[in-house]
Amino acid sequence: MASFILRKAEPKDVSDILRLIKELAKFEEMEEQVILTEKELLEDGFGDHPFYHCLVAEIPKEQQNSEEYTVIAFAMYYFTYDPWIGKLLYLEDFYVMQEFRGFGIGSQILKVLSETAVKTRCSSMHFIVAENNKKSIEFYKRRGAADLSFEEGWRLFAIEKEELLKMTAK
């Protein structure tokens, strides 16, 4: 297996992060919904007050795949607050390129995220997994994740920008 390093993302990584976001969206058959730009990723993640944090897994140049990418995985997360239990680490996106799966990269990313959550005194780590992504669901369950959609009956809602604008106009 390719050796890899796991590190905090840097501004130079935004093109690779966006590429991986698009790969994940394609896997989820939602590629057309990615409207984010490299400029927005740069501004939102690497300014004085970043909206997100990101880890990347990188392989040495001599182990590159045919497309010559060295950044082969990412995990985007941020911190939020739950009024019942306190601080949470929210894992927004997590993706390992197909040809690099099964080598412990995802497990190492999850371990580092867990260490980050513990170190920052978070009560838990939350995330969403598509219902049809059975492999990911099993990956998380093997590591002790509870499926709150079944256990607690929560539903995810979103109010899109257009609706937000309508509400502000009233």
# chains A, B, ... in the order shown; residues from 1 in each chain; ligands from 1

$ closest_atom_pairs --of "region 93-118 of chain A" --to "region 70-81 of chain A" --cutoff "9 Å" --atoms "only C-alpha atoms" --output "JSON lines"
{"residue": "A:Asp93", "atom": "CA", "partner": "A:Met76", "partner_atom": "CA", "distance": 5.1}
{"residue": "A:Phe94", "atom": "CA", "partner": "A:Ala75", "partner_atom": "CA", "distance": 4.2}
{"residue": "A:Tyr95", "atom": "CA", "partner": "A:Ala73", "partner_atom": "CA", "distance": 5.4}
{"residue": "A:Val96", "atom": "CA", "partner": "A:Ala73", "partner_atom": "CA", "distance": 4.2}
{"residue": "A:Met97", "atom": "CA", "partner": "A:Ile72", "partner_atom": "CA", "distance": 5.6}
{"residue": "A:Phe100", "atom": "CA", "partner": "A:Ile72", "partner_atom": "CA", "distance": 7.3}
{"residue": "A:Ile105", "atom": "CA", "partner": "A:Ala73", "partner_atom": "CA", "distance": 8.0}
{"residue": "A:Gly106", "atom": "CA", "partner": "A:Ala73", "partner_atom": "CA", "distance": 8.2}
{"residue": "A:Ile109", "atom": "CA", "partner": "A:Ala75", "partner_atom": "CA", "distance": 7.3}
{"residue": "A:Leu110", "atom": "CA", "partner": "A:Ala75", "partner_atom": "CA", "distance": 8.7}
{"residue": "A:Leu113", "atom": "CA", "partner": "A:Ala75", "partner_atom": "CA", "distance": 8.6}
{"residue": "A:Ala117", "atom": "CA", "partner": "A:Phe79", "partner_atom": "CA", "distance": 8.9}

$ select_by_dssp --residues "region 27-116 of chain A" --states "strand (DSSP E or B)" --output "ChimeraX atom specification"
/A:53-58,71-82,86-96

$ residues_around --residues "region 129-141 of chain A" --least-positions-apart "6" --cutoff "12 Å" --atoms "only C-alpha atoms" --output "ChimeraX atom specification"
/A:24-25,27-30,91-96,101-102,104,106-107,110-111,147-150,156

$ closest_residue --among "A:Phe127, A:Pro50, A:Asp16, A:Gln33" --to "Glu68 (chain A)" --atoms "only C-alpha atoms"
A:Asp16

$ closest_residue --among "A:Ala158, A:Met125, A:Leu6, A:Leu164" --to "Leu88 (chain A)" --atoms "only C-alpha atoms"
A:Met125

$ residues_around --residues "Gly45 (chain A)" --least-positions-apart "4" --cutoff "12 Å" --atoms "only C-alpha atoms" --output "short mmCIF file (atom, residue, chain, number, x, y, z; two decimals) with all heavy atoms, in the first residue's frame"
data_model
loop_
_atom_site.label_atom_id
_atom_site.label_comp_id
_atom_site.auth_asym_id
_atom_site.auth_seq_id
_atom_site.Cartn_x
_atom_site.Cartn_y
_atom_site.Cartn_z
N LYS A 8 -3.29 18.95 8.14
CA LYS A 8 -4.29 20.01 7.97
C LYS A 8 -4.18 20.56 6.56
O LYS A 8 -3.07 20.73 6.04
CB LYS A 8 -4.03 21.16 8.96
CG LYS A 8 -4.41 20.84 10.37
CD LYS A 8 -4.26 22.06 11.25
CE LYS A 8 -4.77 21.77 12.65
NZ LYS A 8 -4.73 22.96 13.50
N ALA A 9 -5.31 20.83 5.96
CA ALA A 9 -5.30 21.41 4.62
C ALA A 9 -4.69 22.80 4.67
O ALA A 9 -4.79 23.51 5.68
CB ALA A 9 -6.72 21.47 4.07
N GLU A 10 -4.08 23.16 3.57
CA GLU A 10 -3.47 24.48 3.40
C GLU A 10 -4.13 25.16 2.21
O GLU A 10 -4.78 24.50 1.39
CB GLU A 10 -1.97 24.31 3.15
CG GLU A 10 -1.24 23.60 4.27
CD GLU A 10 0.20 23.25 3.91
OE1 GLU A 10 0.70 23.71 2.85
OE2 GLU A 10 0.82 22.50 4.68
N PRO A 11 -3.97 26.48 2.09
CA PRO A 11 -4.58 27.18 0.96
C PRO A 11 -4.25 26.56 -0.40
O PRO A 11 -5.10 26.51 -1.29
CB PRO A 11 -4.05 28.60 1.08
CG PRO A 11 -3.82 28.77 2.55
CD PRO A 11 -3.33 27.42 3.02
N LYS A 12 -3.06 26.03 -0.54
CA LYS A 12 -2.66 25.42 -1.83
C LYS A 12 -3.49 24.18 -2.17
O LYS A 12 -3.46 23.71 -3.31
CB LYS A 12 -1.18 25.05 -1.80
CG LYS A 12 -0.88 23.91 -0.84
CD LYS A 12 0.57 23.48 -0.86
CE LYS A 12 0.76 22.29 0.09
NZ LYS A 12 2.00 21.65 -0.04
N ASP A 13 -4.24 23.65 -1.21
CA ASP A 13 -5.00 22.41 -1.41
C ASP A 13 -6.42 22.63 -1.94
O ASP A 13 -7.12 21.65 -2.20
CB ASP A 13 -5.10 21.63 -0.08
CG ASP A 13 -3.75 21.18 0.43
OD1 ASP A 13 -2.93 20.69 -0.36
OD2 ASP A 13 -3.53 21.33 1.66
N VAL A 14 -6.85 23.88 -2.09
CA VAL A 14 -8.27 24.10 -2.42
C VAL A 14 -8.69 23.44 -3.74
O VAL A 14 -9.81 22.93 -3.84
CB VAL A 14 -8.70 25.59 -2.37
CG1 VAL A 14 -8.62 26.13 -0.96
CG2 VAL A 14 -7.91 26.42 -3.34
N ILE A 17 -9.19 19.82 -2.91
CA ILE A 17 -10.39 19.65 -2.06
C ILE A 17 -11.64 19.73 -2.93
O ILE A 17 -12.53 18.87 -2.82
CB ILE A 17 -10.42 20.69 -0.92
CG1 ILE A 17 -9.26 20.46 0.05
CG2 ILE A 17 -11.76 20.64 -0.18
CD1 ILE A 17 -9.02 21.62 1.01
N GLU A 38 -13.36 27.39 -6.01
CA GLU A 38 -12.08 27.39 -5.28
C GLU A 38 -11.93 28.68 -4.48
O GLU A 38 -11.44 28.66 -3.35
CB GLU A 38 -10.91 27.25 -6.25
CG GLU A 38 -10.76 25.87 -6.83
CD GLU A 38 -9.55 25.73 -7.73
OE1 GLU A 38 -8.58 26.50 -7.57
OE2 GLU A 38 -9.56 24.83 -8.59
N LYS A 39 -12.36 29.80 -5.06
CA LYS A 39 -12.26 31.09 -4.38
C LYS A 39 -13.04 31.06 -3.06
O LYS A 39 -12.54 31.51 -2.02
CB LYS A 39 -12.79 32.19 -5.30
CG LYS A 39 -12.72 33.60 -4.73
CD LYS A 39 -13.25 34.61 -5.75
CE LYS A 39 -13.12 36.02 -5.27
NZ LYS A 39 -14.12 36.41 -4.27
N GLU A 40 -14.26 30.51 -3.10
CA GLU A 40 -15.07 30.43 -1.88
C GLU A 40 -14.44 29.50 -0.85
O GLU A 40 -14.41 29.81 0.34
CB GLU A 40 -16.49 29.96 -2.22
CG GLU A 40 -17.28 31.00 -2.99
CD GLU A 40 -18.54 30.43 -3.61
OE1 GLU A 40 -18.52 29.29 -4.12
OE2 GLU A 40 -19.56 31.16 -3.58
N LEU A 41 -13.93 28.37 -1.31
CA LEU A 41 -13.24 27.45 -0.39
C LEU A 41 -12.06 28.13 0.29
O LEU A 41 -11.84 27.97 1.49
CB LEU A 41 -12.73 26.21 -1.14
CG LEU A 41 -13.67 25.05 -1.30
CD1 LEU A 41 -13.04 23.98 -2.20
CD2 LEU A 41 -14.04 24.45 0.03
N HIS A 49 -11.28 33.99 10.34
CA HIS A 49 -12.32 33.24 11.06
C HIS A 49 -12.87 32.15 10.14
O HIS A 49 -13.94 32.32 9.55
CB HIS A 49 -13.44 34.19 11.52
CG HIS A 49 -12.95 35.30 12.37
ND1 HIS A 49 -12.55 35.11 13.68
CD2 HIS A 49 -12.75 36.61 12.10
CE1 HIS A 49 -12.14 36.27 14.17
NE2 HIS A 49 -12.25 37.20 13.24
N PRO A 50 -12.15 31.04 10.03
CA PRO A 50 -12.59 30.00 9.08
C PRO A 50 -13.94 29.39 9.47
O PRO A 50 -14.23 29.19 10.65
CB PRO A 50 -11.48 28.95 9.16
CG PRO A 50 -10.73 29.23 10.41
CD PRO A 50 -10.94 30.67 10.74
N PHE A 51 -14.75 29.13 8.45
CA PHE A 51 -16.05 28.49 8.65
C PHE A 51 -15.91 26.98 8.72
O PHE A 51 -16.83 26.30 9.15
CB PHE A 51 -17.01 28.84 7.51
CG PHE A 51 -17.60 30.22 7.65
CD1 PHE A 51 -16.98 31.31 7.07
CD2 PHE A 51 -18.78 30.41 8.36
CE1 PHE A 51 -17.52 32.58 7.20
CE2 PHE A 51 -19.32 31.67 8.49
CZ PHE A 51 -18.68 32.75 7.91
N TYR A 52 -14.81 26.44 8.23
CA TYR A 52 -14.58 25.00 8.26
C TYR A 52 -13.11 24.71 8.48
O TYR A 52 -12.24 25.57 8.31
CB TYR A 52 -15.07 24.33 6.97
CG TYR A 52 -14.22 24.65 5.76
CD1 TYR A 52 -13.10 23.86 5.45
CD2 TYR A 52 -14.50 25.71 4.92
CE1 TYR A 52 -12.31 24.14 4.35
CE2 TYR A 52 -13.72 26.00 3.83
CZ TYR A 52 -12.63 25.21 3.53
OH TYR A 52 -11.84 25.51 2.45
N HIS A 53 -12.85 23.48 8.88
CA HIS A 53 -11.51 22.94 8.99
C HIS A 53 -11.43 21.75 8.05
O HIS A 53 -12.47 21.14 7.73
CB HIS A 53 -11.21 22.49 10.42
CG HIS A 53 -11.42 23.57 11.43
ND1 HIS A 53 -10.47 24.53 11.71
CD2 HIS A 53 -12.48 23.85 12.21
CE1 HIS A 53 -10.94 25.35 12.64
NE2 HIS A 53 -12.17 24.96 12.96
N CYS A 54 -10.24 21.39 7.64
CA CYS A 54 -10.13 20.31 6.68
C CYS A 54 -8.82 19.55 6.89
O CYS A 54 -7.77 20.15 7.11
CB CYS A 54 -10.20 20.88 5.27
SG CYS A 54 -10.43 19.66 3.98
N LEU A 55 -8.92 18.23 6.82
CA LEU A 55 -7.75 17.37 6.81
C LEU A 55 -7.62 16.80 5.41
O LEU A 55 -8.64 16.54 4.75
CB LEU A 55 -7.91 16.20 7.78
CG LEU A 55 -8.05 16.52 9.26
CD1 LEU A 55 -8.38 15.24 10.03
CD2 LEU A 55 -6.77 17.15 9.79
N MET A 76 -13.83 17.33 5.84
CA MET A 76 -14.17 18.72 6.16
C MET A 76 -15.08 18.71 7.38
O MET A 76 -16.06 17.96 7.42
CB MET A 76 -14.88 19.36 4.97
CG MET A 76 -15.21 20.82 5.18
SD MET A 76 -16.01 21.54 3.72
CE MET A 76 -14.61 21.68 2.61
N TYR A 77 -14.74 19.54 8.36
CA TYR A 77 -15.52 19.55 9.59
C TYR A 77 -15.54 20.95 10.18
O TYR A 77 -14.79 21.84 9.77
CB TYR A 77 -14.94 18.56 10.61
CG TYR A 77 -13.55 18.91 11.10
CD1 TYR A 77 -13.37 19.59 12.31
CD2 TYR A 77 -12.42 18.58 10.36
CE1 TYR A 77 -12.10 19.92 12.76
CE2 TYR A 77 -11.15 18.90 10.82
CZ TYR A 77 -10.99 19.57 12.01
OH TYR A 77 -9.73 19.90 12.46
N TYR A 78 -16.42 21.13 11.14
CA TYR A 78 -16.50 22.38 11.88
C TYR A 78 -17.07 22.08 13.25
O TYR A 78 -17.52 20.96 13.52
CB TYR A 78 -17.33 23.44 11.14
CG TYR A 78 -18.69 22.98 10.69
CD1 TYR A 78 -19.79 23.06 11.53
CD2 TYR A 78 -18.87 22.46 9.41
CE1 TYR A 78 -21.04 22.64 11.11
CE2 TYR A 78 -20.12 22.04 8.98
CZ TYR A 78 -21.20 22.12 9.84
OH TYR A 78 -22.43 21.70 9.43
#

$ residues_around --residues "Phe4 (chain A)" --least-positions-apart "6" --cutoff "8 Å" --atoms "only C-alpha atoms" --output "mmCIF file with N, CA and C atoms, in the first residue's frame"
data_model
loop_
_atom_site.group_PDB
_atom_site.id
_atom_site.type_symbol
_atom_site.label_atom_id
_atom_site.label_comp_id
_atom_site.auth_asym_id
_atom_site.auth_seq_id
_atom_site.Cartn_x
_atom_site.Cartn_y
_atom_site.Cartn_z
ATOM 1 N N ALA A 57 -5.360 13.717 3.131
ATOM 2 C CA ALA A 57 -4.395 12.620 3.095
ATOM 3 C C ALA A 57 -3.633 12.751 1.790
ATOM 4 N N GLU A 58 -2.326 12.644 1.907
ATOM 5 C CA GLU A 58 -1.475 12.855 0.747
ATOM 6 C C GLU A 58 -0.481 11.705 0.631
ATOM 7 N N ILE A 59 -0.259 11.269 -0.607
ATOM 8 C CA ILE A 59 0.731 10.222 -0.863
ATOM 9 C C ILE A 59 1.960 10.857 -1.507
ATOM 10 N N PRO A 60 3.129 10.192 -1.400
ATOM 11 C CA PRO A 60 4.326 10.726 -2.071
ATOM 12 C C PRO A 60 4.151 10.736 -3.589
ATOM 13 N N ILE A 105 -6.729 4.473 5.483
ATOM 14 C CA ILE A 105 -6.713 5.934 5.404
ATOM 15 C C ILE A 105 -7.949 6.513 6.086
#

$ select_by_dssp --residues "region 8-59 of chain A" --states "helix (DSSP H, G or I)" --output "short mmCIF file (atom, residue, chain, number, x, y, z; two decimals) with all heavy atoms, in the first residue's frame"
data_model
loop_
_atom_site.label_atom_id
_atom_site.label_comp_id
_atom_site.auth_asym_id
_atom_site.auth_seq_id
_atom_site.Cartn_x
_atom_site.Cartn_y
_atom_site.Cartn_z
N PRO A 11 -3.97 26.48 2.09
CA PRO A 11 -4.58 27.18 0.96
C PRO A 11 -4.25 26.56 -0.40
O PRO A 11 -5.10 26.51 -1.29
CB PRO A 11 -4.05 28.60 1.08
CG PRO A 11 -3.82 28.77 2.55
CD PRO A 11 -3.33 27.42 3.02
N LYS A 12 -3.06 26.03 -0.54
CA LYS A 12 -2.66 25.42 -1.83
C LYS A 12 -3.49 24.18 -2.17
O LYS A 12 -3.46 23.71 -3.31
CB LYS A 12 -1.18 25.05 -1.80
CG LYS A 12 -0.88 23.91 -0.84
CD LYS A 12 0.57 23.48 -0.86
CE LYS A 12 0.76 22.29 0.09
NZ LYS A 12 2.00 21.65 -0.04
N ASP A 13 -4.24 23.65 -1.21
CA ASP A 13 -5.00 22.41 -1.41
C ASP A 13 -6.42 22.63 -1.94
O ASP A 13 -7.12 21.65 -2.20
CB ASP A 13 -5.10 21.63 -0.08
CG ASP A 13 -3.75 21.18 0.43
OD1 ASP A 13 -2.93 20.69 -0.36
OD2 ASP A 13 -3.53 21.33 1.66
N VAL A 14 -6.85 23.88 -2.09
CA VAL A 14 -8.27 24.10 -2.42
C VAL A 14 -8.69 23.44 -3.74
O VAL A 14 -9.81 22.93 -3.84
CB VAL A 14 -8.70 25.59 -2.37
CG1 VAL A 14 -8.62 26.13 -0.96
CG2 VAL A 14 -7.91 26.42 -3.34
N SER A 15 -7.82 23.42 -4.73
CA SER A 15 -8.22 22.78 -6.00
C SER A 15 -8.40 21.28 -5.80
O SER A 15 -9.33 20.69 -6.36
CB SER A 15 -7.22 23.08 -7.12
OG SER A 15 -5.95 22.56 -6.80
N ASP A 16 -7.54 20.65 -5.00
CA ASP A 16 -7.69 19.23 -4.72
C ASP A 16 -8.92 18.96 -3.86
O ASP A 16 -9.64 17.97 -4.08
CB ASP A 16 -6.45 18.68 -4.01
CG ASP A 16 -5.30 18.44 -4.97
OD1 ASP A 16 -5.53 17.82 -6.03
OD2 ASP A 16 -4.17 18.86 -4.66
N ILE A 17 -9.19 19.82 -2.91
CA ILE A 17 -10.39 19.65 -2.06
C ILE A 17 -11.64 19.73 -2.93
O ILE A 17 -12.53 18.87 -2.82
CB ILE A 17 -10.42 20.69 -0.92
CG1 ILE A 17 -9.26 20.46 0.05
CG2 ILE A 17 -11.76 20.64 -0.18
CD1 ILE A 17 -9.02 21.62 1.01
N LEU A 18 -11.70 20.72 -3.81
CA LEU A 18 -12.86 20.85 -4.69
C LEU A 18 -12.98 19.64 -5.62
O LEU A 18 -14.08 19.14 -5.85
CB LEU A 18 -12.82 22.16 -5.48
CG LEU A 18 -14.06 22.47 -6.31
CD1 LEU A 18 -15.32 22.49 -5.45
CD2 LEU A 18 -13.88 23.79 -7.05
N ARG A 19 -11.87 19.16 -6.13
CA ARG A 19 -11.89 17.96 -6.99
C ARG A 19 -12.48 16.78 -6.22
O ARG A 19 -13.34 16.05 -6.74
CB ARG A 19 -10.47 17.63 -7.45
CG ARG A 19 -10.36 16.29 -8.19
CD ARG A 19 -8.93 15.97 -8.60
NE ARG A 19 -7.97 16.01 -7.52
CZ ARG A 19 -7.77 15.03 -6.64
NH1 ARG A 19 -8.49 13.92 -6.70
NH2 ARG A 19 -6.84 15.14 -5.70
N LEU A 20 -12.07 16.59 -4.97
CA LEU A 20 -12.57 15.48 -4.16
C LEU A 20 -14.05 15.68 -3.79
O LEU A 20 -14.82 14.71 -3.75
CB LEU A 20 -11.70 15.29 -2.92
CG LEU A 20 -10.28 14.81 -3.21
CD1 LEU A 20 -9.42 14.91 -1.95
CD2 LEU A 20 -10.27 13.39 -3.75
N ILE A 21 -14.45 16.92 -3.53
CA ILE A 21 -15.87 17.21 -3.27
C ILE A 21 -16.70 16.81 -4.48
O ILE A 21 -17.76 16.17 -4.35
CB ILE A 21 -16.07 18.71 -2.94
CG1 ILE A 21 -15.49 19.04 -1.55
CG2 ILE A 21 -17.55 19.10 -3.01
CD1 ILE A 21 -15.41 20.52 -1.24
N LYS A 22 -16.22 17.13 -5.67
CA LYS A 22 -16.94 16.78 -6.89
C LYS A 22 -16.97 15.27 -7.12
O LYS A 22 -17.98 14.73 -7.58
CB LYS A 22 -16.34 17.51 -8.09
CG LYS A 22 -16.65 19.00 -8.08
CD LYS A 22 -16.01 19.71 -9.25
CE LYS A 22 -16.37 21.18 -9.24
NZ LYS A 22 -15.77 21.91 -10.37
N GLU A 23 -15.87 14.59 -6.78
CA GLU A 23 -15.85 13.12 -6.90
C GLU A 23 -16.88 12.51 -5.95
O GLU A 23 -17.59 11.57 -6.33
CB GLU A 23 -14.47 12.56 -6.56
CG GLU A 23 -13.50 12.59 -7.71
CD GLU A 23 -12.22 11.83 -7.39
OE1 GLU A 23 -12.25 10.78 -6.71
OE2 GLU A 23 -11.15 12.30 -7.84
N LEU A 24 -16.95 13.02 -4.73
CA LEU A 24 -17.93 12.52 -3.77
C LEU A 24 -19.35 12.78 -4.28
O LEU A 24 -20.21 11.90 -4.24
CB LEU A 24 -17.72 13.17 -2.40
CG LEU A 24 -18.77 12.86 -1.33
CD1 LEU A 24 -18.87 11.36 -1.07
CD2 LEU A 24 -18.44 13.61 -0.05
N ALA A 25 -19.59 13.97 -4.79
CA ALA A 25 -20.91 14.31 -5.32
C ALA A 25 -21.28 13.41 -6.50
O ALA A 25 -22.42 12.98 -6.63
CB ALA A 25 -20.96 15.78 -5.73
N LYS A 26 -20.31 13.10 -7.34
CA LYS A 26 -20.56 12.20 -8.47
C LYS A 26 -20.92 10.81 -7.95
O LYS A 26 -21.85 10.18 -8.44
CB LYS A 26 -19.34 12.14 -9.38
CG LYS A 26 -19.56 11.34 -10.63
CD LYS A 26 -18.36 11.42 -11.55
CE LYS A 26 -18.64 10.66 -12.84
NZ LYS A 26 -17.54 10.78 -13.79
N PHE A 27 -20.19 10.34 -6.94
CA PHE A 27 -20.48 9.05 -6.32
C PHE A 27 -21.91 9.02 -5.78
O PHE A 27 -22.60 8.01 -5.87
CB PHE A 27 -19.47 8.78 -5.19
CG PHE A 27 -19.77 7.56 -4.37
CD1 PHE A 27 -19.49 6.29 -4.84
CD2 PHE A 27 -20.36 7.70 -3.12
CE1 PHE A 27 -19.78 5.17 -4.08
CE2 PHE A 27 -20.65 6.58 -2.34
CZ PHE A 27 -20.36 5.31 -2.83
N GLU A 31 -23.69 15.39 -8.57
CA GLU A 31 -22.59 16.24 -9.04
C GLU A 31 -23.05 17.64 -9.46
O GLU A 31 -22.36 18.62 -9.20
CB GLU A 31 -21.90 15.53 -10.21
CG GLU A 31 -20.60 16.17 -10.64
CD GLU A 31 -19.89 15.34 -11.69
OE1 GLU A 31 -20.50 14.46 -12.33
OE2 GLU A 31 -18.69 15.58 -11.87
N GLU A 32 -24.23 17.74 -10.08
CA GLU A 32 -24.72 19.04 -10.56
C GLU A 32 -25.03 20.01 -9.43
O GLU A 32 -25.17 21.20 -9.64
CB GLU A 32 -25.95 18.85 -11.46
CG GLU A 32 -27.21 18.42 -10.72
CD GLU A 32 -27.27 16.96 -10.27
OE1 GLU A 32 -26.44 16.15 -10.72
OE2 GLU A 32 -28.12 16.64 -9.44
N GLN A 33 -25.10 19.50 -8.20
CA GLN A 33 -25.43 20.37 -7.07
C GLN A 33 -24.21 21.10 -6.49
O GLN A 33 -24.35 21.98 -5.65
CB GLN A 33 -26.13 19.56 -5.99
CG GLN A 33 -27.50 19.09 -6.43
CD GLN A 33 -28.27 18.43 -5.32
OE1 GLN A 33 -28.13 18.79 -4.16
NE2 GLN A 33 -29.10 17.46 -5.67
N GLU A 38 -13.36 27.39 -6.01
CA GLU A 38 -12.08 27.39 -5.28
C GLU A 38 -11.93 28.68 -4.48
O GLU A 38 -11.44 28.66 -3.35
CB GLU A 38 -10.91 27.25 -6.25
CG GLU A 38 -10.76 25.87 -6.83
CD GLU A 38 -9.55 25.73 -7.73
OE1 GLU A 38 -8.58 26.50 -7.57
OE2 GLU A 38 -9.56 24.83 -8.59
N LYS A 39 -12.36 29.80 -5.06
CA LYS A 39 -12.26 31.09 -4.38
C LYS A 39 -13.04 31.06 -3.06
O LYS A 39 -12.54 31.51 -2.02
CB LYS A 39 -12.79 32.19 -5.30
CG LYS A 39 -12.72 33.60 -4.73
CD LYS A 39 -13.25 34.61 -5.75
CE LYS A 39 -13.12 36.02 -5.27
NZ LYS A 39 -14.12 36.41 -4.27
N GLU A 40 -14.26 30.51 -3.10
CA GLU A 40 -15.07 30.43 -1.88
C GLU A 40 -14.44 29.50 -0.85
O GLU A 40 -14.41 29.81 0.34
CB GLU A 40 -16.49 29.96 -2.22
CG GLU A 40 -17.28 31.00 -2.99
CD GLU A 40 -18.54 30.43 -3.61
OE1 GLU A 40 -18.52 29.29 -4.12
OE2 GLU A 40 -19.56 31.16 -3.58
N LEU A 41 -13.93 28.37 -1.31
CA LEU A 41 -13.24 27.45 -0.39
C LEU A 41 -12.06 28.13 0.29
O LEU A 41 -11.84 27.97 1.49
CB LEU A 41 -12.73 26.21 -1.14
CG LEU A 41 -13.67 25.05 -1.30
CD1 LEU A 41 -13.04 23.98 -2.20
CD2 LEU A 41 -14.04 24.45 0.03
N LEU A 42 -11.32 28.90 -0.49
CA LEU A 42 -10.16 29.60 0.04
C LEU A 42 -10.58 30.65 1.07
O LEU A 42 -10.05 30.70 2.19
CB LEU A 42 -9.38 30.25 -1.11
CG LEU A 42 -8.07 30.93 -0.76
CD1 LEU A 42 -7.06 29.93 -0.22
CD2 LEU A 42 -7.50 31.64 -1.98
N GLU A 43 -11.54 31.48 0.70
CA GLU A 43 -12.00 32.55 1.60
C GLU A 43 -12.66 31.99 2.86
O GLU A 43 -12.46 32.52 3.95
CB GLU A 43 -12.99 33.45 0.87
CG GLU A 43 -12.36 34.31 -0.20
CD GLU A 43 -13.38 35.07 -1.04
OE1 GLU A 43 -14.61 34.86 -0.85
OE2 GLU A 43 -12.96 35.85 -1.92
N ASP A 44 -13.45 30.94 2.70
CA ASP A 44 -14.23 30.42 3.82
C ASP A 44 -13.44 29.53 4.78
O ASP A 44 -13.83 29.38 5.93
CB ASP A 44 -15.45 29.65 3.31
CG ASP A 44 -16.42 30.54 2.55
OD1 ASP A 44 -16.35 31.77 2.69
OD2 ASP A 44 -17.26 29.99 1.81
N GLY A 45 -12.36 28.96 4.30
CA GLY A 45 -11.61 28.03 5.16
C GLY A 45 -10.26 28.51 5.64
O GLY A 45 -9.67 27.90 6.53
#

$ atom_distance --atom1 "CA of Phe157 (chain A)" --atom2 "CA of Arg143 (chain A)"
26.3 Å

$ atom_distance --atom1 "CA of Ser123 (chain A)" --atom2 "CA of Lys87 (chain A)"
5.8 Å
